[in-house]
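File shown here: model-v1.cif, holding mmCIF, C-alpha atoms and all ligand atoms.
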```
data_coords
#
loop_
_atom_site.label_atom_id
_atom_site.label_comp_id
_atom_site.auth_asym_id
_atom_site.auth_seq_id
_atom_site.Cartn_x
_atom_site.Cartn_y
_atom_site.Cartn_z
CA MET A 258 18.34 -34.90 12.43
CA LEU A 259 18.69 -32.01 9.98
CA GLN A 260 21.76 -29.89 10.86
CA ALA A 261 21.18 -26.12 11.07
CA THR A 262 23.96 -25.06 8.71
CA HIS A 263 22.13 -22.53 6.55
CA ARG A 264 22.67 -18.79 6.74
CA VAL A 265 19.44 -17.82 5.02
CA VAL A 266 17.81 -14.87 6.78
CA PRO A 267 14.59 -13.04 5.96
CA SER A 268 14.82 -9.54 4.50
CA ASN A 269 13.88 -7.84 7.77
CA ALA A 270 13.65 -8.65 11.47
CA HIS A 271 9.84 -8.49 11.57
CA LEU A 272 9.82 -11.67 9.49
CA VAL A 273 11.70 -13.48 12.27
CA ASP A 274 9.81 -12.52 15.40
CA GLY A 275 7.37 -9.81 14.31
CA GLU A 276 3.78 -9.30 15.40
CA VAL A 277 1.28 -11.97 14.39
CA TYR A 278 -2.39 -11.17 13.71
CA VAL A 279 -4.62 -12.29 16.60
CA PRO A 280 -7.99 -13.44 15.19
CA GLY A 281 -11.19 -13.83 17.22
CA LEU A 282 -11.55 -17.33 18.76
CA SER A 283 -13.61 -19.97 16.96
CA ALA A 284 -16.89 -21.28 18.38
CA GLU A 285 -15.54 -24.86 18.12
CA TYR A 286 -12.52 -24.05 20.30
CA VAL A 287 -14.62 -22.44 23.03
CA SER A 288 -17.23 -25.19 22.87
CA GLU A 289 -14.57 -27.88 23.38
CA LYS A 290 -12.58 -26.00 26.04
CA TYR A 291 -15.57 -25.11 28.25
CA GLY A 292 -17.90 -28.01 27.40
CA ILE A 293 -20.61 -25.68 26.10
CA PRO A 294 -22.82 -26.91 23.20
CA LEU A 295 -21.96 -25.11 19.95
CA CYS A 296 -25.51 -23.80 19.69
CA ASP A 297 -25.04 -21.92 22.98
CA ILE A 298 -21.94 -20.03 21.88
CA SER A 299 -22.13 -16.37 20.84
CA LYS A 300 -19.26 -15.55 18.47
CA LEU A 301 -18.85 -11.79 18.75
CA ALA A 302 -15.21 -11.12 17.84
CA SER A 303 -14.88 -11.42 14.06
CA ALA A 304 -17.52 -8.95 12.79
CA GLU A 305 -19.21 -11.62 10.69
CA ASN A 306 -22.69 -11.37 9.17
CA PRO A 307 -25.51 -12.42 11.59
CA HIS A 308 -27.43 -13.96 8.68
CA GLY A 309 -24.55 -15.95 7.18
CA ALA A 310 -23.57 -15.95 3.51
CA SER A 311 -25.44 -14.31 0.65
CA PRO A 312 -27.79 -17.05 -0.70
CA LYS A 313 -27.15 -15.82 -4.26
CA ALA A 314 -23.40 -16.25 -3.77
CA LEU A 315 -23.89 -19.73 -2.31
CA ALA A 316 -25.86 -20.84 -5.38
CA ALA A 317 -23.30 -19.33 -7.76
CA VAL A 318 -20.40 -21.04 -5.93
CA ALA A 319 -22.19 -24.40 -6.18
CA ALA A 320 -22.76 -23.90 -9.91
CA ALA A 321 -19.10 -22.94 -10.46
CA HIS A 322 -17.78 -26.36 -9.35
CA SER A 323 -17.82 -27.52 -12.97
CA ARG A 324 -15.15 -24.90 -13.75
CA LEU A 325 -12.66 -26.00 -11.11
CA SER A 326 -10.37 -27.76 -13.60
CA LEU A 327 -9.91 -24.51 -15.53
CA TYR A 328 -7.59 -21.62 -14.74
CA PRO A 329 -9.57 -18.51 -13.88
CA ASN A 330 -9.00 -15.25 -15.74
CA TRP A 331 -5.93 -13.82 -13.97
CA THR A 332 -7.46 -10.37 -13.37
CA ALA A 333 -10.89 -11.74 -12.37
CA GLN A 334 -12.23 -9.78 -15.33
CA THR A 335 -15.89 -10.77 -15.03
CA LEU A 336 -15.89 -9.92 -11.32
CA ARG A 337 -14.26 -6.56 -12.03
CA GLU A 338 -16.93 -5.93 -14.68
CA ALA A 339 -19.71 -6.77 -12.22
CA ILE A 340 -18.25 -4.44 -9.56
CA ALA A 341 -17.72 -1.71 -12.16
CA GLU A 342 -21.31 -1.97 -13.35
CA LYS A 343 -22.68 -1.95 -9.80
CA TYR A 344 -20.84 1.22 -8.79
CA GLY A 345 -20.46 3.02 -12.12
CA PHE A 346 -16.70 2.79 -12.64
CA ASP A 347 -14.38 1.44 -15.31
CA PRO A 348 -13.35 -2.24 -14.80
CA GLU A 349 -9.74 -1.14 -15.47
CA ALA A 350 -9.91 1.00 -12.33
CA ILE A 351 -10.57 -2.04 -10.10
CA VAL A 352 -8.24 -4.70 -8.72
CA CYS A 353 -9.53 -7.72 -6.80
CA GLY A 354 -7.88 -9.54 -3.94
CA SER A 355 -8.32 -12.63 -1.86
CA GLY A 356 -10.09 -10.50 0.72
CA GLU A 357 -9.40 -6.82 1.18
CA THR A 358 -6.36 -7.81 3.23
CA GLU A 359 -4.58 -9.04 0.12
CA VAL A 360 -5.26 -5.72 -1.59
CA ILE A 361 -3.83 -3.87 1.44
CA SER A 362 -0.68 -5.96 1.24
CA MET A 363 -0.36 -5.37 -2.53
CA MET A 364 -0.86 -1.64 -2.01
CA ILE A 365 1.92 -1.40 0.58
CA ARG A 366 4.35 -3.29 -1.67
CA ALA A 367 3.39 -1.38 -4.81
CA PHE A 368 3.40 2.19 -3.46
CA ALA A 369 5.83 2.38 -0.51
CA LYS A 370 9.54 1.55 -0.63
CA PRO A 371 11.43 0.09 2.33
CA ASP A 372 11.68 2.73 5.10
CA ASP A 373 8.91 4.87 3.57
CA PRO A 374 6.31 6.13 6.06
CA VAL A 375 2.76 4.70 6.04
CA LEU A 376 0.18 6.70 8.04
CA MET A 377 -2.57 5.17 10.18
CA HIS A 378 -4.52 5.76 13.38
CA ALA A 379 -3.61 4.04 16.63
CA PRO A 380 -5.46 1.82 17.27
CA CYS A 381 -6.29 0.64 13.75
CA PHE A 382 -6.95 -2.51 11.72
CA PRO A 383 -3.72 -4.39 12.67
CA LEU A 384 -2.84 -5.52 9.16
CA TYR A 385 -1.96 -1.96 7.99
CA ARG A 386 0.77 -2.08 10.63
CA ILE A 387 1.75 -5.77 10.35
CA TYR A 388 2.16 -5.71 6.56
CA SER A 389 4.02 -2.37 6.68
CA ASN A 390 6.43 -3.76 9.26
CA CYS A 391 6.92 -7.09 7.45
CA GLU A 392 7.78 -5.24 4.23
CA GLY A 393 10.21 -2.92 6.06
CA ARG A 394 7.95 0.12 5.60
CA LYS A 395 7.53 2.42 8.61
CA PRO A 396 4.11 2.81 10.24
CA VAL A 397 3.44 6.34 11.53
CA TYR A 398 0.64 6.55 14.08
CA VAL A 399 -1.93 9.23 14.81
CA PRO A 400 -3.36 8.78 18.32
CA MET A 401 -7.11 9.02 18.76
CA GLY A 402 -8.77 11.43 21.19
CA LYS A 403 -11.49 11.07 23.81
CA ASP A 404 -13.84 8.22 22.93
CA PHE A 405 -11.72 7.54 19.81
CA ASP A 406 -12.21 10.91 18.18
CA PRO A 407 -10.17 10.62 14.95
CA GLN A 408 -8.47 14.01 15.65
CA VAL A 409 -8.52 15.05 12.02
CA ASP A 410 -6.40 18.18 12.63
CA LEU A 411 -3.67 16.08 14.22
CA TYR A 412 -3.96 13.51 11.40
CA ILE A 413 -3.48 16.29 8.84
CA ASP A 414 -0.54 17.83 10.76
CA THR A 415 1.17 14.44 10.99
CA MET A 416 0.52 13.76 7.32
CA LYS A 417 1.99 17.12 6.29
CA ARG A 418 5.03 16.61 8.52
CA THR A 419 5.84 13.03 7.52
CA LYS A 420 4.65 12.97 3.87
CA PRO A 421 3.59 9.30 4.00
CA LYS A 422 3.56 7.25 0.79
CA ILE A 423 0.20 5.81 1.89
CA ALA A 424 -2.31 7.29 4.34
CA PHE A 425 -4.94 4.84 5.64
CA MET A 426 -8.36 6.11 6.73
CA THR A 427 -10.90 3.59 8.04
CA ASN A 428 -14.56 4.53 7.79
CA PRO A 429 -16.16 3.36 10.00
CA HIS A 430 -13.05 2.91 12.12
CA ASN A 431 -12.01 -0.49 13.47
CA PRO A 432 -12.09 -1.08 16.46
CA SER A 433 -14.22 1.91 17.62
CA GLY A 434 -16.81 2.10 14.81
CA ARG A 435 -16.36 5.92 14.82
CA LEU A 436 -16.87 7.87 11.62
CA LEU A 437 -14.94 10.40 9.63
CA SER A 438 -17.40 12.86 8.10
CA GLU A 439 -17.33 13.69 4.40
CA ALA A 440 -15.87 17.09 5.35
CA ASP A 441 -13.12 15.30 7.36
CA VAL A 442 -12.14 13.03 4.47
CA ARG A 443 -12.25 15.94 2.01
CA ALA A 444 -10.04 18.02 4.33
CA ILE A 445 -7.51 15.15 4.46
CA CYS A 446 -7.61 14.74 0.67
CA GLU A 447 -7.13 18.50 0.13
CA ALA A 448 -4.21 18.64 2.57
CA ALA A 449 -2.38 15.56 1.25
CA ASP A 450 0.79 15.93 -0.78
CA PRO A 451 0.10 14.80 -4.38
CA SER A 452 2.65 12.00 -3.83
CA THR A 453 0.57 10.42 -1.03
CA LEU A 454 -1.79 7.58 -1.92
CA LEU A 455 -4.95 8.02 0.17
CA ALA A 456 -6.55 4.68 1.06
CA LEU A 457 -10.12 4.91 2.36
CA ASP A 458 -11.03 1.54 3.88
CA GLU A 459 -14.81 1.10 3.76
CA ALA A 460 -15.01 -2.51 4.98
CA TYR A 461 -17.99 -1.64 7.24
CA VAL A 462 -19.52 1.21 5.25
CA HIS A 463 -22.91 -0.48 4.68
CA TYR A 464 -23.65 -0.32 8.41
CA SER A 465 -22.97 3.42 8.63
CA SER A 466 -24.47 6.72 7.54
CA ALA A 467 -21.25 7.72 5.70
CA LYS A 468 -21.65 6.33 2.19
CA PHE A 469 -19.77 9.05 0.32
CA GLY A 470 -16.42 7.35 -0.40
CA LEU A 471 -17.05 6.23 -3.97
CA ASP A 472 -18.34 9.71 -4.92
CA LEU A 473 -15.11 11.30 -3.68
CA LEU A 474 -13.16 9.20 -6.20
CA ARG A 475 -14.43 11.59 -8.91
CA ASP A 476 -12.78 14.54 -7.14
CA TYR A 477 -9.40 13.16 -5.98
CA ASP A 478 -7.05 11.28 -8.29
CA ASN A 479 -4.76 10.05 -5.48
CA LEU A 480 -7.67 8.35 -3.64
CA VAL A 481 -8.45 4.61 -3.59
CA VAL A 482 -11.49 3.07 -1.86
CA LEU A 483 -11.08 -0.41 -0.36
CA ARG A 484 -14.10 -2.68 0.00
CA THR A 485 -14.77 -6.28 1.05
CA LEU A 486 -17.51 -8.88 0.61
CA SER A 487 -16.60 -10.34 4.03
CA LYS A 488 -18.96 -8.16 6.07
CA ALA A 489 -22.41 -7.04 4.85
CA PHE A 490 -22.38 -9.67 2.07
CA GLY A 491 -21.55 -12.44 4.56
CA LEU A 492 -18.70 -13.92 2.51
CA ALA A 493 -15.72 -13.83 4.92
CA GLY A 494 -14.90 -17.44 4.04
CA LEU A 495 -14.94 -16.86 0.27
CA ARG A 496 -12.20 -14.17 0.38
CA VAL A 497 -13.20 -11.37 -1.98
CA GLY A 498 -12.11 -7.75 -1.65
CA PHE A 499 -11.23 -4.98 -4.06
CA ALA A 500 -9.73 -1.55 -4.57
CA ILE A 501 -11.44 0.99 -6.78
CA SER A 502 -10.22 4.36 -8.04
CA SER A 503 -10.94 6.78 -10.83
CA ASN A 504 -7.22 6.71 -11.59
CA GLU A 505 -6.00 3.56 -13.36
CA ALA A 506 -2.40 4.50 -12.52
CA LEU A 507 -3.16 3.64 -8.88
CA ILE A 508 -4.62 0.25 -9.80
CA ARG A 509 -2.30 -1.11 -12.51
CA PRO A 510 0.77 -1.50 -10.24
CA MET A 511 -1.28 -3.64 -7.85
CA ARG A 512 -2.43 -5.82 -10.73
CA LEU A 513 1.20 -6.37 -11.71
CA ILE A 514 2.41 -7.18 -8.20
CA LYS A 515 -0.44 -9.50 -7.21
CA PRO A 516 -0.05 -13.29 -7.23
CA THR A 517 -1.17 -13.95 -10.79
CA TRP A 518 -4.25 -16.17 -10.27
CA ASN A 519 -5.11 -14.75 -6.84
CA MET A 520 -8.85 -15.12 -7.41
CA GLY A 521 -10.14 -18.66 -8.00
CA GLN A 522 -13.23 -19.70 -9.96
CA LEU A 523 -15.34 -19.91 -6.77
CA GLN A 524 -14.31 -16.45 -5.58
CA ILE A 525 -15.09 -14.95 -8.99
CA ALA A 526 -18.49 -16.67 -9.36
CA GLY A 527 -19.52 -16.05 -5.72
CA GLY A 528 -18.27 -12.48 -5.87
CA ILE A 529 -20.33 -11.64 -8.99
CA ALA A 530 -23.51 -13.00 -7.42
CA GLY A 531 -22.72 -11.58 -3.96
CA ILE A 532 -22.07 -8.02 -5.08
CA ASN A 533 -25.57 -7.96 -6.56
CA ASP A 534 -27.35 -9.44 -3.53
CA ASP A 535 -28.83 -6.20 -2.18
CA GLU A 536 -31.55 -8.12 -0.36
CA HIS A 537 -28.98 -9.91 1.80
CA VAL A 538 -27.04 -6.72 2.50
CA ASN A 539 -30.25 -4.88 3.46
CA ARG A 540 -31.22 -7.67 5.85
CA ALA A 541 -27.85 -7.52 7.63
CA VAL A 542 -27.96 -3.72 7.78
CA ALA A 543 -31.49 -3.77 9.26
CA THR A 544 -30.43 -6.22 11.99
CA ILE A 545 -27.31 -4.24 12.89
CA GLN A 546 -29.17 -0.93 12.96
CA GLU A 547 -31.84 -2.37 15.21
CA MET A 548 -29.53 -4.27 17.56
CA ARG A 549 -26.72 -1.69 17.90
CA PRO A 550 -28.66 0.80 20.07
CA TYR A 551 -30.29 -2.09 21.92
CA VAL A 552 -27.03 -3.70 23.03
CA MET A 553 -25.18 -0.43 23.64
CA LYS A 554 -28.00 0.81 25.90
CA GLY A 555 -27.91 -2.57 27.64
CA VAL A 556 -24.17 -2.21 28.38
CA ASP A 557 -24.67 1.30 29.75
CA ALA A 558 -27.24 -0.08 32.18
CA ILE A 559 -24.73 -2.56 33.69
CA GLU A 560 -22.66 -1.21 36.59
CA GLY A 561 -18.94 -1.03 35.86
CA PHE A 562 -19.23 -0.88 32.06
CA ARG A 563 -19.99 1.66 29.36
CA ALA A 564 -20.48 1.50 25.58
CA VAL A 565 -18.21 3.97 23.77
CA PRO A 566 -20.65 6.22 21.87
CA GLY A 567 -20.59 6.94 18.14
CA ALA A 568 -20.16 3.39 16.77
CA GLU A 569 -21.53 2.99 13.22
CA ALA A 570 -20.11 -0.45 12.40
CA ASN A 571 -21.33 -3.95 13.29
CA PHE A 572 -19.29 -3.76 16.51
CA PHE A 573 -18.69 -1.28 19.32
CA LEU A 574 -16.24 -0.86 22.16
CA THR A 575 -17.23 -1.67 25.72
CA GLU A 576 -15.20 0.33 28.24
CA ILE A 577 -14.47 -1.32 31.58
CA LEU A 578 -15.03 1.33 34.23
CA ALA A 579 -14.65 -0.89 37.30
CA PRO A 580 -11.00 -0.48 38.41
CA GLU A 581 -10.86 -4.02 39.81
CA LEU A 582 -11.53 -5.53 36.35
CA ASP A 583 -9.48 -5.52 33.16
CA SER A 584 -10.27 -6.68 29.64
CA THR A 585 -8.50 -10.05 29.89
CA ARG A 586 -10.38 -10.93 33.05
CA VAL A 587 -13.73 -9.90 31.56
CA PHE A 588 -12.86 -11.70 28.29
CA ASN A 589 -12.15 -14.94 30.20
CA GLU A 590 -15.30 -14.62 32.33
CA LEU A 591 -17.38 -14.11 29.18
CA LEU A 592 -15.74 -17.12 27.50
CA LYS A 593 -16.77 -19.37 30.41
CA ARG A 594 -20.33 -18.22 29.71
CA GLY A 595 -20.07 -19.02 26.00
CA VAL A 596 -19.49 -15.46 24.77
CA ILE A 597 -16.49 -14.66 22.57
CA VAL A 598 -15.46 -10.99 22.32
CA LYS A 599 -12.17 -9.32 21.36
CA ASP A 600 -9.88 -8.57 24.31
CA GLY A 601 -8.56 -4.99 24.02
CA SER A 602 -5.18 -6.18 25.36
CA ASP A 603 -4.76 -8.08 22.08
CA ILE A 604 -5.32 -4.93 19.99
CA GLU A 605 -2.24 -2.69 19.89
CA GLY A 606 -3.10 0.89 20.79
CA LEU A 607 -6.40 -0.13 22.46
CA GLY A 608 -5.42 -1.79 25.74
CA SER A 609 -6.89 -3.40 28.79
CA ARG A 610 -9.78 -1.02 29.53
CA TYR A 611 -11.73 -2.00 26.40
CA MET A 612 -13.28 -4.96 24.56
CA ARG A 613 -14.61 -4.99 21.00
CA VAL A 614 -18.02 -6.64 20.77
CA ASP A 615 -19.94 -7.51 17.58
CA VAL A 616 -23.54 -6.52 17.05
CA ASN A 617 -25.54 -9.61 16.15
CA LEU A 618 -28.96 -11.30 16.57
CA LYS A 619 -30.99 -10.53 19.71
CA THR A 620 -30.34 -13.98 21.26
CA HIS A 621 -26.60 -13.30 21.11
CA MET A 622 -26.94 -9.74 22.40
CA ASP A 623 -29.05 -10.97 25.31
CA ARG A 624 -26.54 -13.73 26.09
CA PHE A 625 -23.71 -11.16 26.08
CA LEU A 626 -25.60 -8.70 28.30
CA SER A 627 -26.61 -11.41 30.74
CA ALA A 628 -23.02 -12.77 30.91
CA LEU A 629 -21.60 -9.26 31.42
CA SER A 630 -24.01 -8.46 34.24
CA ASP A 631 -23.12 -11.78 35.84
CA ILE A 632 -19.44 -10.82 36.30
CA LYS A 633 -18.75 -10.01 39.92
CA ILE A 634 -16.98 -6.73 40.53
C1 LIG B 701 -11.01 -2.25 8.58
C2 LIG B 701 -10.88 -3.58 7.91
N1 LIG B 701 -10.43 -3.64 6.66
C3 LIG B 701 -10.29 -4.81 6.02
C4 LIG B 701 -10.62 -5.99 6.65
C5 LIG B 701 -10.36 -7.29 5.92
O1 LIG B 701 -11.37 -7.81 5.26
P1 LIG B 701 -11.19 -9.11 4.35
O2 LIG B 701 -11.89 -10.21 5.04
O3 LIG B 701 -11.81 -8.71 3.08
O4 LIG B 701 -9.73 -9.41 4.17
C6 LIG B 701 -11.10 -5.99 7.94
C7 LIG B 701 -11.43 -7.27 8.60
O5 LIG B 701 -11.58 -7.43 9.75
C8 LIG B 701 -11.21 -4.74 8.60
O6 LIG B 701 -11.61 -4.68 9.88
#
```
Can you dump the structure from the file as structure tokens?
Amino acid sequence: MLQATHRVVPSNAHLVDGEVYVPGLSAEYVSEKYGIPLCDISKLASAENPHGASPKALAAVAAAHSRLSLYPNWTAQTLREAIAEKYGFDPEAIVCGSGETEVISMMIRAFAKPDDPVLMHAPCFPLYRIYSNCEGRKPVYVPMGKDFDPQVDLYIDTMKRTKPKIAFMTNPHNPSGRLLSEADVRAICEAADPSTLLALDEAYVHYSSAKFGLDLLRDYDNLVVLRTLSKAFGLAGLRVGFAISSNEALIRPMRLIKPTWNMGQLQIAGGIAGINDDEHVNRAVATIQEMRPYVMKGVDAIEGFRAVPGAEANFFLTEILAPELDSTRVFNELLKRGVIVKDGSDIEGLGSRYMRVDVNLKTHMDRFLSALSDIKI
């Protein structure tokens, strides 16, 4: 047996026993564990697109197979050009990542030093915190108010006090789906120290009424907008995300720090076709906008539960009002009935009174509502 003689240790303790990202469960796992046919599972914990992948991206990926023996362009130039053309920016002001998560990780490494503060809400998308911790940067949290009010005044006070190197804003917010208004984001941008990089994460923006982020880039030169093709474009499995800014100086460092060929031929080809598939995006948006009020009203009608108002993403929080229940118990009861949601106990800063539930096709919403009303209080 190999003797443990080495004294190699990671650069910080979070790399030994730090927090690990908890993804939503797969349909296959639940099907096998509970003996439920795959077609009767409702997967409502990963915020995926109800209509699957963009058909244009699928065709482009199939056609790109002939290029698999060739190295891709290391900056995904043609994809950057397509994104730039779509949104009216310079390709040099865009960096692409293997999903938005890779861009978030590059941003933290490129713009914050070890021990530098990184600002975020609590709760928030866990990878802002996990990557900050793993790189030895220090997350600073702004608590949310009643029904996940973003408490913009408190956010600004905390930002002024701690002078973070990066300040994350998520619009709509994950996990609550709540929005920052344009006035809120402008107030944060105006109040920020010029040395703070402002990162506006718009992963779910298509589903919301707050589509102002890219316009703000013309007014603030320390602002970066983060986007992904995983959500409204239906390409979570392809892994395409990007950062865009009007200030190349915020983009170039990320290009230098990124794994050189981080975007493969399939990601580049699928990304170019996907970003231009408005029809697919519009279809997903129409479904979410129709089903969101339907399912939230349905939850409110079930004794012991309540939908947290104000959600403008493709998910919402269900609050568990019945004191005899908690999120893990409800999560497990739903699983037995073929419904996968996100247990609030697995989301730091959220806790056991809440579950995050995706908005999806009516059959899935009806299965969720029927399973929820079936749980005995
Ligand atoms: C707020 C937020 N940003 C970014 C991402 C990551 O997206 P990607 O699949 O592009 O890495 C997610 C995914 O869940 C998210 O919720």
Where does chain A meet ligand LIG 701 (chain B) within 8 Å, residue by residue, with the nearest atom pair and distance in Å to one decimal for each, counting all atoms listed in the file, listed by chain and rising number, as a tab-separated table?
```
residue	atom	partner	partner_atom	distance
A:Ser303	CA	B:LIG701	O5	6.7
A:Ala304	CA	B:LIG701	O5	6.8
A:Ser355	CA	B:LIG701	O4	7.0
A:Gly356	CA	B:LIG701	O3	3.4
A:Glu357	CA	B:LIG701	O3	3.6
A:Thr358	CA	B:LIG701	O4	3.8
A:Glu359	CA	B:LIG701	O4	6.6
A:Ile361	CA	B:LIG701	C3	8.0
A:Cys381	CA	B:LIG701	C1	7.6
A:Phe382	CA	B:LIG701	C1	5.1
A:Thr427	CA	B:LIG701	C1	5.9
A:Asn428	CA	B:LIG701	C1	7.7
A:Pro429	CA	B:LIG701	C1	7.7
A:His430	CA	B:LIG701	C1	6.6
A:Asn431	CA	B:LIG701	C1	5.3
A:Pro432	CA	B:LIG701	O6	7.5
A:Asp458	CA	B:LIG701	N1	5.9
A:Glu459	CA	B:LIG701	C1	7.0
A:Ala460	CA	B:LIG701	N1	5.0
A:Tyr461	CA	B:LIG701	C1	7.1
A:Leu483	CA	B:LIG701	N1	7.8
A:Arg484	CA	B:LIG701	O3	7.1
A:Thr485	CA	B:LIG701	O3	4.3
A:Leu486	CA	B:LIG701	O3	6.2
A:Ser487	CA	B:LIG701	O2	4.8
A:Lys488	CA	B:LIG701	O2	7.4
A:Ala493	CA	B:LIG701	O2	5.3
A:Gly494	CA	B:LIG701	O2	7.9
A:Arg496	CA	B:LIG701	O3	6.1
A:Val497	CA	B:LIG701	O3	5.9
A:Gly498	CA	B:LIG701	O3	4.8
```
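Residue nearest Ile387 of chain A, chosen from A:Cys296, A:Leu626, A:Ile577, A:Val277 and counting only C-alpha atoms: A:Val277.
Among A:Arg337, A:Lys343, A:Arg394, A:Arg512, the residue with the shortest atom-to-atom distance to Asn269 of chain A, counting only C-alpha atoms, is A:Arg394.
Nearest to Ala350 of chain A of all the residues A:Asp534, A:Asp372, A:Glu338, A:Asp600 is A:Glu338, counting all atoms listed in the file.
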Exercise. Give me the residues within 10 Å of Trp331 of chain A as a ChimeraX atom specification, counting all atoms listed in the file and dropping any in the same chain fewer than 3 places off.
Key: /A:328,334,512,515-521
Contacts of segment 607-618 of chain A at 6 Å or less, counting all atoms listed in the file, minus same-chain residues fewer than 5 places along, as an mmCIF file with C-alpha atoms, keeping the file's coordinate frame?
```cif
data_model
loop_
_atom_site.group_PDB
_atom_site.id
_atom_site.type_symbol
_atom_site.label_atom_id
_atom_site.label_comp_id
_atom_site.auth_asym_id
_atom_site.auth_seq_id
_atom_site.Cartn_x
_atom_site.Cartn_y
_atom_site.Cartn_z
ATOM 1 C CA LEU A 301 -18.850 -11.790 18.750
ATOM 2 C CA ALA A 302 -15.210 -11.120 17.840
ATOM 3 C CA ALA A 304 -17.520 -8.950 12.790
ATOM 4 C CA PRO A 307 -25.510 -12.420 11.590
ATOM 5 C CA PRO A 380 -5.460 1.820 17.270
ATOM 6 C CA ARG A 549 -26.720 -1.690 17.900
ATOM 7 C CA ASN A 571 -21.330 -3.950 13.290
ATOM 8 C CA PHE A 572 -19.290 -3.760 16.510
ATOM 9 C CA PHE A 573 -18.690 -1.280 19.320
ATOM 10 C CA LEU A 574 -16.240 -0.860 22.160
ATOM 11 C CA THR A 575 -17.230 -1.670 25.720
ATOM 12 C CA GLU A 576 -15.200 0.330 28.240
ATOM 13 C CA ILE A 577 -14.470 -1.320 31.580
ATOM 14 C CA ASP A 583 -9.480 -5.520 33.160
ATOM 15 C CA SER A 584 -10.270 -6.680 29.640
ATOM 16 C CA VAL A 598 -15.460 -10.990 22.320
ATOM 17 C CA LYS A 599 -12.170 -9.320 21.360
ATOM 18 C CA ASP A 600 -9.880 -8.570 24.310
ATOM 19 C CA GLY A 601 -8.560 -4.990 24.020
ATOM 20 C CA SER A 602 -5.180 -6.180 25.360
#
```
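What separates atom CA of Leu411 of chain A from atom CA of Ala448 of chain A is a distance of 11.9 Å.
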Since the input is missing atoms for segment 269-273 of chain A, could you rebuild it with all heavy atoms and give the result as a PDB file, keeping the file's coordinate frame?
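Result file follows (out-v4.pdb):
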```
ATOM      1  N   ASN A 269      13.869  -8.752   6.619  1.00  0.00           N
ATOM      2  CA  ASN A 269      13.880  -7.840   7.770  1.00  0.00           C
ATOM      3  C   ASN A 269      13.433  -8.571   9.040  1.00  0.00           C
ATOM      4  O   ASN A 269      12.809  -9.621   8.990  1.00  0.00           O
ATOM      5  CB  ASN A 269      13.094  -6.538   7.486  1.00  0.00           C
ATOM      6  CG  ASN A 269      11.635  -6.624   7.821  1.00  0.00           C
ATOM      7  OD1 ASN A 269      11.266  -6.860   8.961  1.00  0.00           O
ATOM      8  ND2 ASN A 269      10.797  -6.445   6.816  1.00  0.00           N
ATOM      9  N   ALA A 270      13.797  -7.959  10.182  1.00  0.00           N
ATOM     10  CA  ALA A 270      13.650  -8.650  11.470  1.00  0.00           C
ATOM     11  C   ALA A 270      12.197  -8.975  11.801  1.00  0.00           C
ATOM     12  O   ALA A 270      11.920  -9.941  12.528  1.00  0.00           O
ATOM     13  CB  ALA A 270      14.255  -7.779  12.577  1.00  0.00           C
ATOM     14  N   HIS A 271      11.251  -8.200  11.271  1.00  0.00           N
ATOM     15  CA  HIS A 271       9.840  -8.490  11.570  1.00  0.00           C
ATOM     16  C   HIS A 271       9.421  -9.852  11.025  1.00  0.00           C
ATOM     17  O   HIS A 271       8.438 -10.426  11.466  1.00  0.00           O
ATOM     18  CB  HIS A 271       8.937  -7.409  10.969  1.00  0.00           C
ATOM     19  CG  HIS A 271       9.016  -6.116  11.713  1.00  0.00           C
ATOM     20  ND1 HIS A 271       8.308  -5.869  12.865  1.00  0.00           N
ATOM     21  CD2 HIS A 271       9.756  -5.019  11.488  1.00  0.00           C
ATOM     22  CE1 HIS A 271       8.584  -4.667  13.310  1.00  0.00           C
ATOM     23  NE2 HIS A 271       9.472  -4.119  12.490  1.00  0.00           N
ATOM     24  N   LEU A 272      10.164 -10.363  10.061  1.00  0.00           N
ATOM     25  CA  LEU A 272       9.820 -11.670   9.490  1.00  0.00           C
ATOM     26  C   LEU A 272      10.374 -12.809  10.352  1.00  0.00           C
ATOM     27  O   LEU A 272      10.092 -13.983  10.097  1.00  0.00           O
ATOM     28  CB  LEU A 272      10.353 -11.780   8.063  1.00  0.00           C
ATOM     29  CG  LEU A 272       9.788 -10.733   7.101  1.00  0.00           C
ATOM     30  CD1 LEU A 272      10.421 -10.851   5.731  1.00  0.00           C
ATOM     31  CD2 LEU A 272       8.274 -10.881   6.979  1.00  0.00           C
ATOM     32  N   VAL A 273      11.179 -12.456  11.360  1.00  0.00           N
ATOM     33  CA  VAL A 273      11.700 -13.480  12.270  1.00  0.00           C
ATOM     34  C   VAL A 273      10.792 -13.579  13.491  1.00  0.00           C
ATOM     35  O   VAL A 273      10.277 -14.642  13.812  1.00  0.00           O
ATOM     36  CB  VAL A 273      13.148 -13.144  12.700  1.00  0.00           C
ATOM     37  CG1 VAL A 273      13.682 -14.215  13.643  1.00  0.00           C
ATOM     38  CG2 VAL A 273      14.042 -12.971  11.486  1.00  0.00           C
TER      39      VAL A 273
END
```
